[in-house]
>>> print(open('target-v8.txt').read())   # compact mmCIF, C-alpha atoms (C1' of nucleotides)
# COMPACT_ATOMS: atom_id res chain seq x y z
CA MET A 29 -92.97 17.32 17.19
CA ALA A 30 -94.28 20.75 18.27
CA ASP A 31 -92.56 23.60 16.49
CA ASN A 32 -93.57 26.22 18.99
CA ALA A 33 -91.11 29.03 19.36
CA SER A 34 -90.53 28.64 23.08
CA GLY A 35 -90.08 24.91 23.72
CA SER A 36 -86.94 22.88 23.24
CA ASP A 37 -88.28 21.84 19.84
CA SER A 38 -88.20 25.38 18.55
CA LEU A 39 -85.91 26.30 15.71
CA LEU A 40 -83.89 28.67 17.84
CA PHE A 41 -80.94 26.36 17.39
CA LEU A 42 -80.87 27.33 13.73
CA THR A 43 -80.24 31.03 14.23
CA ASP A 44 -77.14 32.49 12.62
CA ASP A 45 -75.67 33.04 16.05
CA GLN A 46 -76.13 29.41 17.01
CA LEU A 47 -74.63 28.34 13.73
CA ARG A 48 -71.65 30.61 14.21
CA LYS A 49 -71.07 29.11 17.61
CA GLY A 50 -71.11 25.67 16.05
CA ILE A 51 -68.61 26.79 13.45
CA GLU A 52 -66.23 28.16 16.04
CA ALA A 53 -66.68 25.09 18.21
CA MET A 54 -65.52 22.97 15.29
CA PHE A 55 -62.52 25.21 14.78
CA PHE A 56 -61.33 25.23 18.37
CA ALA A 57 -62.19 21.62 19.07
CA TYR A 58 -60.34 20.36 16.03
CA ARG A 59 -57.24 22.07 17.33
CA GLY A 60 -57.56 20.21 20.60
CA PHE A 61 -58.33 17.03 18.75
CA THR A 62 -55.02 17.09 16.88
CA ALA A 63 -52.88 18.66 19.58
CA ASP A 64 -51.78 15.54 21.45
CA PRO A 65 -50.71 13.43 18.47
CA ASP A 66 -49.01 16.49 17.00
CA ARG A 67 -46.96 16.81 20.16
CA ILE A 68 -45.88 13.19 19.96
CA LEU A 69 -44.96 13.45 16.29
CA GLU A 70 -43.09 16.71 16.52
CA GLY A 71 -39.39 16.26 16.39
CA MET A 72 -39.59 12.70 15.14
CA ASP A 73 -39.71 13.68 11.47
CA TYR A 74 -43.36 12.79 11.09
CA GLY A 75 -46.45 14.93 10.85
CA ARG A 76 -50.19 14.77 10.73
CA ALA A 77 -50.10 13.16 7.30
CA HIS A 78 -48.15 10.21 8.68
CA HIS A 79 -50.58 9.91 11.54
CA ARG A 80 -53.54 9.70 9.19
CA ALA A 81 -51.92 7.05 7.04
CA ILE A 82 -50.97 5.00 10.07
CA HIS A 83 -54.43 5.35 11.55
CA PHE A 84 -56.26 4.03 8.52
CA ILE A 85 -53.78 1.26 7.81
CA HIS A 86 -54.28 0.10 11.36
CA ARG A 87 -58.02 0.46 10.97
CA ALA A 88 -58.24 -1.68 7.86
CA PRO A 89 -55.15 -3.84 7.51
CA GLY A 90 -54.51 -5.09 4.01
CA MET A 91 -55.91 -1.92 2.51
CA THR A 92 -54.67 -1.09 -0.98
CA VAL A 93 -52.90 2.12 -1.83
CA SER A 94 -55.79 3.37 -3.90
CA SER A 95 -58.42 2.86 -1.24
CA LEU A 96 -56.22 4.70 1.23
CA LEU A 97 -55.93 7.40 -1.40
CA GLY A 98 -59.70 7.60 -1.59
CA ILE A 99 -60.15 7.87 2.13
CA LEU A 100 -57.47 10.47 2.69
CA GLY A 101 -58.51 12.50 -0.32
CA VAL A 102 -55.02 13.46 -1.42
CA THR A 103 -53.02 12.80 -4.56
CA LYS A 104 -50.92 9.72 -4.94
CA GLN A 105 -47.79 11.85 -5.11
CA SER A 106 -48.59 13.36 -1.77
CA LEU A 107 -49.43 10.05 -0.17
CA ASN A 108 -46.41 8.41 -1.68
CA ARG A 109 -44.02 10.84 -0.07
CA VAL A 110 -45.50 9.85 3.27
CA LEU A 111 -45.66 6.11 2.61
CA ARG A 112 -42.08 6.04 1.41
CA THR A 113 -40.77 7.29 4.71
CA LEU A 114 -42.97 4.84 6.56
CA PHE A 115 -41.61 1.97 4.49
CA ASP A 116 -38.04 3.16 4.89
CA ASP A 117 -38.40 3.45 8.62
CA GLY A 118 -40.01 0.03 8.86
CA LEU A 119 -43.37 1.16 10.22
CA VAL A 120 -45.46 -0.05 7.31
CA GLU A 121 -44.98 -2.94 4.95
CA ALA A 122 -46.57 -3.64 1.59
CA ARG A 123 -47.50 -7.15 0.54
CA VAL A 124 -48.20 -7.94 -3.06
CA GLY A 125 -51.89 -8.64 -3.63
CA LYS A 126 -52.85 -12.32 -3.80
CA THR A 127 -55.35 -12.19 -6.62
CA ASP A 128 -54.15 -8.98 -8.25
CA LYS A 129 -50.40 -8.70 -8.09
CA ARG A 130 -50.43 -5.02 -9.01
CA GLU A 131 -51.92 -4.16 -5.67
CA ARG A 132 -49.82 -3.38 -2.62
CA ARG A 133 -51.63 -4.39 0.54
CA LEU A 134 -50.60 -2.19 3.43
CA HIS A 135 -49.90 -3.45 6.94
CA LEU A 136 -48.34 -1.99 10.05
CA THR A 137 -45.20 -3.66 11.34
CA ASP A 138 -44.81 -4.17 15.09
CA LYS A 139 -42.92 -0.92 15.22
CA GLY A 140 -45.68 0.81 13.28
CA ALA A 141 -48.32 -0.67 15.52
CA ALA A 142 -46.45 0.65 18.54
CA LEU A 143 -46.47 4.17 17.20
CA GLU A 144 -50.12 3.83 16.25
CA ARG A 145 -50.90 2.83 19.80
CA ALA A 146 -49.04 5.78 21.27
CA LEU A 147 -50.81 8.19 18.98
CA SER A 148 -54.26 6.76 19.39
CA ASP A 149 -53.87 6.36 23.14
CA ALA A 150 -53.24 10.07 23.37
CA GLN A 151 -56.09 10.96 21.07
CA ARG A 152 -58.49 8.55 22.72
CA ALA A 153 -57.62 9.89 26.15
CA ARG A 154 -58.82 13.32 25.15
CA MET A 155 -61.86 11.94 23.42
CA ARG A 156 -62.67 9.80 26.43
CA ALA A 157 -62.40 12.77 28.77
CA ALA A 158 -64.69 14.80 26.55
CA TYR A 159 -67.19 11.95 26.24
CA ARG A 160 -67.17 11.34 29.95
CA ALA A 161 -67.66 15.01 30.72
CA ALA A 162 -70.51 15.27 28.25
CA GLY A 163 -72.36 12.01 28.88
CA PRO A 164 -73.90 9.39 26.57
CA GLN A 165 -76.76 11.55 25.29
CA ALA A 166 -74.38 14.30 24.23
CA VAL A 167 -72.10 11.78 22.57
CA GLN A 168 -75.01 10.47 20.57
CA GLY A 169 -75.81 13.99 19.41
CA PHE A 170 -72.20 14.75 18.68
CA ARG A 171 -71.90 11.79 16.33
CA THR A 172 -75.24 12.53 14.69
CA VAL A 173 -74.34 16.11 13.84
CA LEU A 174 -70.85 15.22 12.63
CA GLU A 175 -72.22 12.53 10.39
CA ALA A 176 -74.71 14.94 8.88
CA MET A 177 -71.90 17.37 8.23
CA MET A 178 -69.81 14.98 6.12
CA ASP A 179 -69.86 14.87 2.38
CA PRO A 180 -72.04 11.90 1.40
CA GLU A 181 -69.09 10.19 -0.22
CA MET A 182 -67.07 10.43 2.98
CA ARG A 183 -70.05 9.33 5.01
CA ARG A 184 -69.87 6.08 3.12
CA ASN A 185 -66.20 5.70 4.04
CA TYR A 186 -66.98 6.49 7.62
CA GLN A 187 -69.71 3.91 7.92
CA GLY A 188 -68.29 1.36 5.59
CA LEU A 189 -64.70 0.88 6.76
CA ARG A 190 -63.92 -2.68 7.61
CA GLU A 191 -61.09 -5.18 7.43
CA ASP A 192 -59.93 -5.12 3.87
CA THR A 193 -58.86 -8.66 3.04
CA PRO A 194 -60.54 -10.02 -0.07
CA MET B 20 -77.41 8.68 37.40
CA ALA B 21 -77.46 4.89 37.31
CA ASP B 22 -74.26 3.37 35.97
CA ASN B 23 -75.77 -0.01 35.18
CA ALA B 24 -74.10 -1.79 32.32
CA SER B 25 -77.20 -2.23 30.19
CA GLY B 26 -79.11 1.05 30.27
CA SER B 27 -78.39 4.17 28.27
CA ASP B 28 -76.33 5.41 31.20
CA SER B 29 -73.85 2.58 30.84
CA LEU B 30 -70.28 3.34 29.94
CA LEU B 31 -70.52 1.50 26.65
CA PHE B 32 -70.01 4.80 24.90
CA LEU B 33 -66.48 4.88 26.28
CA THR B 34 -65.22 1.73 24.58
CA ASP B 35 -62.20 2.05 22.35
CA ASP B 36 -64.38 1.30 19.38
CA GLN B 37 -66.77 4.10 20.21
CA LEU B 38 -63.86 6.45 20.72
CA ARG B 39 -62.36 5.48 17.40
CA LYS B 40 -65.64 6.20 15.70
CA GLY B 41 -65.68 9.61 17.30
CA ILE B 42 -62.14 10.25 16.11
CA GLU B 43 -62.96 9.32 12.55
CA ALA B 44 -66.17 11.33 12.68
CA MET B 45 -64.12 14.38 13.57
CA PHE B 46 -61.74 13.71 10.72
CA PHE B 47 -64.36 13.26 8.03
CA ALA B 48 -66.68 15.97 9.31
CA TYR B 49 -63.94 18.54 9.47
CA ARG B 50 -63.28 17.94 5.82
CA GLY B 51 -66.89 18.66 5.02
CA PHE B 52 -66.83 21.62 7.31
CA THR B 53 -64.06 23.34 5.37
CA ALA B 54 -64.97 22.12 1.90
CA ASP B 55 -67.41 24.85 0.87
CA PRO B 56 -65.32 27.89 1.88
CA ASP B 57 -62.28 26.22 0.35
CA ARG B 58 -64.12 25.96 -2.93
CA ILE B 59 -64.98 29.65 -2.85
CA LEU B 60 -61.45 30.67 -1.95
CA GLU B 61 -59.72 28.48 -4.49
CA GLY B 62 -58.50 30.38 -7.45
CA MET B 63 -58.94 33.77 -5.82
CA ASP B 64 -55.45 33.81 -4.27
CA TYR B 65 -56.73 33.23 -0.76
CA GLY B 66 -56.73 30.17 1.43
CA ARG B 67 -58.01 28.86 4.70
CA ALA B 68 -55.72 31.16 6.64
CA HIS B 69 -57.37 34.20 5.07
CA HIS B 70 -60.76 32.79 5.87
CA ARG B 71 -59.88 32.37 9.53
CA ALA B 72 -58.55 35.90 9.82
CA ILE B 73 -61.60 37.34 8.12
CA HIS B 74 -63.93 35.29 10.27
CA PHE B 75 -62.53 36.47 13.56
CA ILE B 76 -62.16 40.08 12.50
CA HIS B 77 -65.80 40.03 11.54
CA ARG B 78 -66.64 38.32 14.79
CA ALA B 79 -64.93 40.89 17.00
CA PRO B 80 -64.41 44.12 15.08
CA GLY B 81 -61.71 46.34 16.49
CA MET B 82 -59.67 43.36 17.59
CA THR B 83 -55.95 43.97 17.97
CA VAL B 84 -53.33 42.04 16.05
CA SER B 85 -52.08 40.30 19.17
CA SER B 86 -55.46 39.05 20.29
CA LEU B 87 -56.05 37.70 16.79
CA LEU B 88 -52.65 36.08 17.09
CA GLY B 89 -53.73 34.44 20.32
CA ILE B 90 -56.94 33.10 18.88
CA LEU B 91 -55.42 31.76 15.70
CA GLY B 92 -52.43 30.30 17.48
CA VAL B 93 -49.88 31.09 14.79
CA THR B 94 -46.77 33.23 14.72
CA LYS B 95 -46.95 36.91 13.92
CA GLN B 96 -44.88 36.36 10.82
CA SER B 97 -47.38 33.87 9.54
CA LEU B 98 -50.36 36.04 10.34
CA ASN B 99 -48.68 39.10 8.93
CA ARG B 100 -48.24 37.52 5.55
CA VAL B 101 -51.98 36.95 5.45
CA LEU B 102 -52.98 40.33 6.83
CA ARG B 103 -50.74 42.13 4.39
CA THR B 104 -52.56 40.71 1.40
CA LEU B 105 -55.89 41.54 3.02
CA PHE B 106 -54.79 45.14 3.56
CA ASP B 107 -53.40 45.41 0.05
CA ASP B 108 -56.59 44.08 -1.46
CA GLY B 109 -58.71 46.40 0.65
CA LEU B 110 -60.59 43.73 2.57
CA VAL B 111 -59.33 44.69 6.01
CA GLU B 112 -58.32 48.02 7.46
CA ALA B 113 -56.30 48.83 10.55
CA ARG B 114 -57.11 51.81 12.74
CA VAL B 115 -54.62 53.10 15.25
CA GLY B 116 -55.73 52.39 18.82
CA LYS B 117 -57.38 55.27 20.64
CA THR B 118 -55.80 54.83 24.06
CA ASP B 119 -52.74 52.86 23.00
CA LYS B 120 -51.46 54.11 19.69
CA ARG B 121 -49.22 51.10 19.19
CA GLU B 122 -52.22 48.92 18.62
CA ARG B 123 -53.77 48.35 15.21
CA ARG B 124 -57.46 47.72 15.51
CA LEU B 125 -58.68 45.48 12.73
CA HIS B 126 -61.91 46.00 10.80
CA LEU B 127 -63.43 44.58 7.65
CA THR B 128 -64.10 46.99 4.81
CA ASP B 129 -67.33 46.66 2.86
CA LYS B 130 -65.48 44.52 0.39
CA GLY B 131 -64.13 42.36 3.19
CA ALA B 132 -67.55 42.05 4.76
CA ALA B 133 -68.93 40.89 1.42
CA LEU B 134 -66.41 38.10 1.18
CA GLU B 135 -67.02 37.18 4.80
CA ARG B 136 -70.69 36.88 4.04
CA ALA B 137 -70.12 34.66 1.06
CA LEU B 138 -67.85 32.36 3.03
CA SER B 139 -69.98 32.15 6.11
CA ASP B 140 -73.19 31.75 4.14
CA ALA B 141 -71.70 28.66 2.58
CA GLN B 142 -70.41 27.31 5.84
CA ARG B 143 -73.60 28.08 7.70
CA ALA B 144 -75.67 26.41 5.04
CA ARG B 145 -73.91 23.15 5.66
CA MET B 146 -74.05 23.59 9.40
CA ARG B 147 -77.75 24.42 9.20
CA ALA B 148 -78.46 21.34 7.15
CA ALA B 149 -76.59 19.18 9.63
CA TYR B 150 -78.33 20.80 12.59
CA ARG B 151 -81.71 20.44 10.99
CA ALA B 152 -81.11 16.81 10.15
CA ALA B 153 -79.91 16.05 13.65
CA GLY B 154 -82.36 18.07 15.73
CA PRO B 155 -81.97 20.33 18.78
CA GLN B 156 -81.03 17.61 21.25
CA ALA B 157 -78.23 16.38 19.05
CA VAL B 158 -77.01 19.92 18.52
CA GLN B 159 -76.85 20.43 22.24
CA GLY B 160 -74.77 17.28 22.60
CA PHE B 161 -72.57 18.22 19.68
CA ARG B 162 -71.64 21.52 21.26
CA THR B 163 -71.13 19.96 24.67
CA VAL B 164 -68.68 17.37 23.43
CA LEU B 165 -66.78 19.81 21.25
CA GLU B 166 -66.41 22.21 24.12
CA ALA B 167 -65.06 19.48 26.35
CA MET B 168 -62.56 18.58 23.67
CA MET B 169 -60.97 22.03 23.46
CA ASP B 170 -57.85 23.04 25.30
CA PRO B 171 -58.94 25.07 28.33
CA GLU B 172 -57.21 28.15 27.00
CA MET B 173 -59.10 27.92 23.73
CA ARG B 174 -62.31 27.24 25.57
CA ARG B 175 -61.91 30.65 27.10
CA ASN B 176 -61.54 32.19 23.65
CA TYR B 177 -64.56 30.32 22.45
CA GLN B 178 -66.79 31.45 25.28
CA GLY B 179 -65.29 34.86 25.79
CA LEU B 180 -65.21 36.40 22.33
CA ARG B 181 -67.02 39.66 22.19
CA GLU B 182 -66.88 43.02 20.48
CA ASP B 183 -63.43 44.33 21.16
CA THR B 184 -63.76 48.09 21.52
CA PRO B 185 -62.28 49.41 24.75
C1' DT C 25 -36.43 62.05 31.39
C1' DT C 26 -34.09 58.34 30.40
C1' DT C 27 -34.71 53.49 30.33
C1' DA C 28 -37.05 49.39 29.82
C1' DC C 29 -40.76 47.00 27.90
C1' DA C 30 -44.72 46.20 24.60
C1' DA C 31 -47.11 46.04 19.99
C1' DT C 32 -46.20 45.62 15.56
C1' DG C 33 -43.85 44.94 11.06
C1' DT C 34 -40.33 42.83 8.26
C1' DC C 35 -36.42 40.20 6.08
C1' DA C 36 -34.57 35.70 5.33
C1' DA C 37 -34.50 30.92 5.34
C1' DC C 38 -36.60 26.70 5.91
C1' DA C 39 -40.11 22.61 6.30
C1' DA C 40 -44.46 20.06 5.77
C1' DG C 41 -47.70 18.78 2.90
C1' DG C 42 -50.79 19.97 -0.55
C1' DC C 43 -51.02 20.35 -5.98
C1' DT C 44 -50.23 19.50 -11.38
C1' DG C 45 -48.10 17.27 -15.27
C1' DA C 46 -45.55 13.82 -17.37
C1' DC C 47 -43.64 9.40 -17.69
C1' DG C 48 -42.43 4.43 -16.57
C1' DT C 49 -43.31 -0.38 -15.18
C1' DA C 50 -46.00 -4.27 -13.99
C1' DG C 51 -49.88 -6.86 -14.25
C1' DT C 52 -54.88 -7.69 -15.96
C1' DT C 53 -58.30 -8.19 -19.21
C1' DG C 54 -60.90 -8.02 -23.46
C1' DC D 2 -51.77 -8.09 -28.74
C1' DA D 3 -53.96 -3.80 -27.13
C1' DA D 4 -55.89 -1.25 -23.73
C1' DC D 5 -56.47 -0.33 -19.27
C1' DT D 6 -55.26 -0.38 -14.20
C1' DA D 7 -52.33 0.04 -9.94
C1' DC D 8 -48.61 2.02 -8.52
C1' DG D 9 -44.19 4.67 -8.28
C1' DT D 10 -41.44 8.70 -9.38
C1' DC D 11 -39.26 13.07 -11.08
C1' DA D 12 -39.76 17.95 -11.19
C1' DG D 13 -41.72 22.12 -9.93
C1' DC D 14 -44.96 25.02 -7.67
C1' DC D 15 -48.05 26.91 -3.77
C1' DT D 16 -49.79 27.86 0.97
C1' DT D 17 -48.99 28.08 5.48
C1' DG D 18 -46.59 27.06 9.19
C1' DT D 19 -41.79 27.65 11.75
C1' DT D 20 -37.18 30.25 13.84
C1' DG D 21 -34.20 34.03 14.40
C1' DA D 22 -32.86 38.65 14.05
C1' DC D 23 -33.78 43.42 13.83
C1' DA D 24 -36.41 48.08 13.46
C1' DT D 25 -40.00 51.30 14.79
C1' DT D 26 -43.02 53.40 17.63
C1' DG D 27 -45.36 54.10 21.70
C1' DT D 28 -46.08 53.31 26.86
C1' DA D 29 -44.70 53.10 31.48
C1' DA D 30 -41.77 52.89 35.29
C1' DA D 31 -37.67 54.38 37.87
>>> encode(input="target-v8.txt", output="structure tokens")
Amino acid sequence: MADNASGSDSLLFLTDDQLRKGIEAMFFAYRGFTADPDRILEGMDYGRAHHRAIHFIHRAPGMTVSSLLGILGVTKQSLNRVLRTLFDDGLVEARVGKTDKRERRLHLTDKGAALERALSDAQRARMRAAYRAAGPQAVQGFRTVLEAMMDPEMRRNYQGLREDTP
Amino acid sequence: MADNASGSDSLLFLTDDQLRKGIEAMFFAYRGFTADPDRILEGMDYGRAHHRAIHFIHRAPGMTVSSLLGILGVTKQSLNRVLRTLFDDGLVEARVGKTDKRERRLHLTDKGAALERALSDAQRARMRAAYRAAGPQAVQGFRTVLEAMMDPEMRRNYQGLREDTP
DNA sequence: TTTACAATGTCAACAAGGCTGACGTAGTTG
DNA sequence: CAACTACGTCAGCCTTGTTGACATTGTAAA
């Protein structure tokens, strides 16, 4: 790799100005990223926190409360406030763990799955439009940079999520 | 561009699974993105909202309250609570507009600029590490996708920010 | 010049969603 | 049995967002 100052392999992309642009891109893009689900949730007594819980329960059905806690990075009190409403409204159900009966394995109900679909359809539509506009090469780069930006611990969550049924 | 199903120009990158990975990448990366400034701010009576205000005032000195309002996308009451503490603590100063005396043109004081530097040094360090790990091509793709993900109105802010001194 | 509008600040009340600390109840395990 | 773990819960606090109403000052148009 030639590190000449004029080619595309130069380090010009590391200037403070380039970095600032990246920072602002993250800020503005994240707003867009959450805008559509937020619109769906608004007025139905749920918020972004409910969305996140629903997303990851859908993603890894049978997940325990404490692994969800680890992924979301919030306190159990905070998560519990959210989960309680989801239980009460019949969107999520907890099944007692088979081997360890202290665990509560989380699953979406049909109703919960329906909301998950509505939310993720909206979010995927935006993501799909962005991906399509940018093209496969850009998408590859996008994911590479984001992954490098995560805390290592979260990077493990990101890569390692899978169906959680022991 | 050949849209054959096997080459790198295929639309495989638009599968729901790929989109979900992008969604989770945004979620986890944004956490990393804000983690370092949050650590600096914590315990000094400021939060993310103060960081955002300081960032954009630094970015476009002389900016009016209402354009800051537009960029941040919050209510004036919410912004005012933040700005008030920044005035009181001598991090930001407001100068009456030259042509329109109703305007308050916002500037960082030396003290404010020092905090801005500390915050953005931390954030840039992470961004730089991610950029360096990913390489120029990836960075290009990263920015392209993020830009496509913004709301059009915010995209204008992102591209159009400049020194705001009429 | 009055009259309407614009830019800003402010008070009050409220909600979401974070946090800490303390405590309780089951179930597991050494 | 003792110690630890998984989970739930009460209480209280903080930041940051919201709405609605109202005041001040300056600009601009009729």
>>> closest_residue(input="target-v8.txt", among="B:Thr163, B:Ser29, B:Gln178, B:Ser86", to="chain C", atoms="all atoms listed in the file")
B:Ser86
>>> residues_around(input="target-v8.txt", residues="segment 118-128 of chain A", least_positions_apart="4", cutoff="7 Å", atoms="all atoms listed in the file", output="number ranges by chain")
A: 114, 132-137, 139-140
>>> interface_residues(input="target-v8.txt", of="chain B", to="chain A", cutoff="8 Å", atoms="all atoms listed in the file", output="ChimeraX atom specification")
/B:27-28,30,32-33,35,38-39,41-45,47-52,142-143,145-153,155-170,173-174,177
>>> atom_distance(input="target-v8.txt", atom1="atom C1' of DA4 of chain D", atom2="atom CA of Thr92 of chain A")
22.8 Å
>>> residues_around(input="target-v8.txt", residues="DA28 of chain C", least_positions_apart="5", cutoff="10 Å", atoms="all atoms listed in the file", output="PyMOL selection string")
chain D and resi 29-31
>>> atom_distance(input="target-v8.txt", atom1="atom CA of His77 of chain B", atom2="atom C1' of DT16 of chain D")
22.7 Å
>>> residues_around(input="target-v8.txt", residues="segment 33-46 of chain C", least_positions_apart="3", cutoff="8 Å", atoms="all atoms listed in the file", output="ChimeraX atom specification")
/A:75,77,102-103,106 /B:99 /D:14-15,19
>>> axis_aligned_box(input="target-v8.txt", around="segment 65-84 of chain A", padding_each_side="4 Å", output="AutoDock Vina command-line options")
--center_x -47.8 --center_y 10.4 --center_z 13.6 --size_x 24.9 --size_y 20.8 --size_z 21.1
>>> atom_distance(input="target-v8.txt", atom1="atom CA of Pro80 of chain B", atom2="atom CA of Val101 of chain B")
17.3 Å
>>> residues_near_point(input="target-v8.txt", point="(-44.0, 53.4, 26.4)", cutoff="9 Å", atoms="only C-alpha atoms (C1' of nucleotides)", output="list in words")
DA28, DC29 and DA30 of chain C; DT26, DG27, DT28 and DA29 of chain D
>>> closest_atom_pairs(input="target-v8.txt", of="chain D", to="chain A", cutoff="9 Å", atoms="all atoms listed in the file", output="CSV")
residue,atom,partner,partner_atom,distance
D:DT6,C1',A:Arg130,CA,8.5
D:DA7,C1',A:Arg130,CA,5.5
D:DC8,C1',A:Arg130,CA,7.3
D:DG9,C1',A:Asn108,CA,7.9
D:DT10,C1',A:Gln105,CA,8.3
>>> decode(input="target-v8.txt", residues="segment 131-177 of chain A", atoms="C-alpha atoms", output="PDB file, in the first residue's frame")
ATOM      1  CA  GLU A 131     -33.993 -17.965  34.509  1.00  0.00           C
ATOM      2  CA  ARG A 132     -36.801 -16.321  32.582  1.00  0.00           C
ATOM      3  CA  ARG A 133     -36.498 -17.056  28.897  1.00  0.00           C
ATOM      4  CA  LEU A 134     -37.965 -14.240  26.844  1.00  0.00           C
ATOM      5  CA  HIS A 135     -40.125 -14.728  23.761  1.00  0.00           C
ATOM      6  CA  LEU A 136     -42.315 -12.506  21.646  1.00  0.00           C
ATOM      7  CA  THR A 137     -45.992 -13.380  21.486  1.00  0.00           C
ATOM      8  CA  ASP A 138     -47.779 -13.155  18.142  1.00  0.00           C
ATOM      9  CA  LYS A 139     -48.830  -9.663  19.063  1.00  0.00           C
ATOM     10  CA  GLY A 140     -45.257  -8.780  19.966  1.00  0.00           C
ATOM     11  CA  ALA A 141     -43.973 -10.273  16.751  1.00  0.00           C
ATOM     12  CA  ALA A 142     -46.447  -8.152  14.825  1.00  0.00           C
ATOM     13  CA  LEU A 143     -45.178  -4.966  16.396  1.00  0.00           C
ATOM     14  CA  GLU A 144     -41.603  -6.074  15.845  1.00  0.00           C
ATOM     15  CA  ARG A 145     -42.369  -6.557  12.186  1.00  0.00           C
ATOM     16  CA  ALA A 146     -43.931  -3.129  11.841  1.00  0.00           C
ATOM     17  CA  LEU A 147     -40.974  -1.489  13.517  1.00  0.00           C
ATOM     18  CA  SER A 148     -38.299  -3.379  11.679  1.00  0.00           C
ATOM     19  CA  ASP A 149     -40.063  -3.046   8.338  1.00  0.00           C
ATOM     20  CA  ALA A 150     -39.903   0.699   8.735  1.00  0.00           C
ATOM     21  CA  GLN A 151     -36.301   0.681   9.851  1.00  0.00           C
ATOM     22  CA  ARG A 152     -35.231  -1.765   7.183  1.00  0.00           C
ATOM     23  CA  ALA A 153     -36.944   0.278   4.498  1.00  0.00           C
ATOM     24  CA  ARG A 154     -34.744   3.229   5.305  1.00  0.00           C
ATOM     25  CA  MET A 155     -31.669   1.085   5.593  1.00  0.00           C
ATOM     26  CA  ARG A 156     -32.467  -0.606   2.307  1.00  0.00           C
ATOM     27  CA  ALA A 157     -32.883   2.729   0.554  1.00  0.00           C
ATOM     28  CA  ALA A 158     -29.572   3.930   1.922  1.00  0.00           C
ATOM     29  CA  TYR A 159     -27.821   0.688   0.973  1.00  0.00           C
ATOM     30  CA  ARG A 160     -29.284   0.749  -2.494  1.00  0.00           C
ATOM     31  CA  ALA A 161     -28.294   4.365  -3.023  1.00  0.00           C
ATOM     32  CA  ALA A 162     -24.776   3.704  -1.810  1.00  0.00           C
ATOM     33  CA  GLY A 163     -24.034   0.346  -3.418  1.00  0.00           C
ATOM     34  CA  PRO A 164     -22.391  -2.855  -2.142  1.00  0.00           C
ATOM     35  CA  GLN A 165     -18.872  -1.460  -1.844  1.00  0.00           C
ATOM     36  CA  ALA A 166     -20.056   1.419   0.316  1.00  0.00           C
ATOM     37  CA  VAL A 167     -22.099  -0.937   2.456  1.00  0.00           C
ATOM     38  CA  GLN A 168     -19.035  -3.048   3.055  1.00  0.00           C
ATOM     39  CA  GLY A 169     -17.119   0.031   4.164  1.00  0.00           C
ATOM     40  CA  PHE A 170     -19.976   1.246   6.294  1.00  0.00           C
ATOM     41  CA  ARG A 171     -20.068  -1.985   8.267  1.00  0.00           C
ATOM     42  CA  THR A 172     -16.290  -2.116   8.575  1.00  0.00           C
ATOM     43  CA  VAL A 173     -16.017   1.358  10.064  1.00  0.00           C
ATOM     44  CA  LEU A 174     -18.962   0.865  12.416  1.00  0.00           C
ATOM     45  CA  GLU A 175     -17.514  -2.358  13.683  1.00  0.00           C
ATOM     46  CA  ALA A 176     -14.189  -0.706  14.356  1.00  0.00           C
ATOM     47  CA  MET A 177     -15.978   2.012  16.271  1.00  0.00           C
TER      48      MET A 177
END
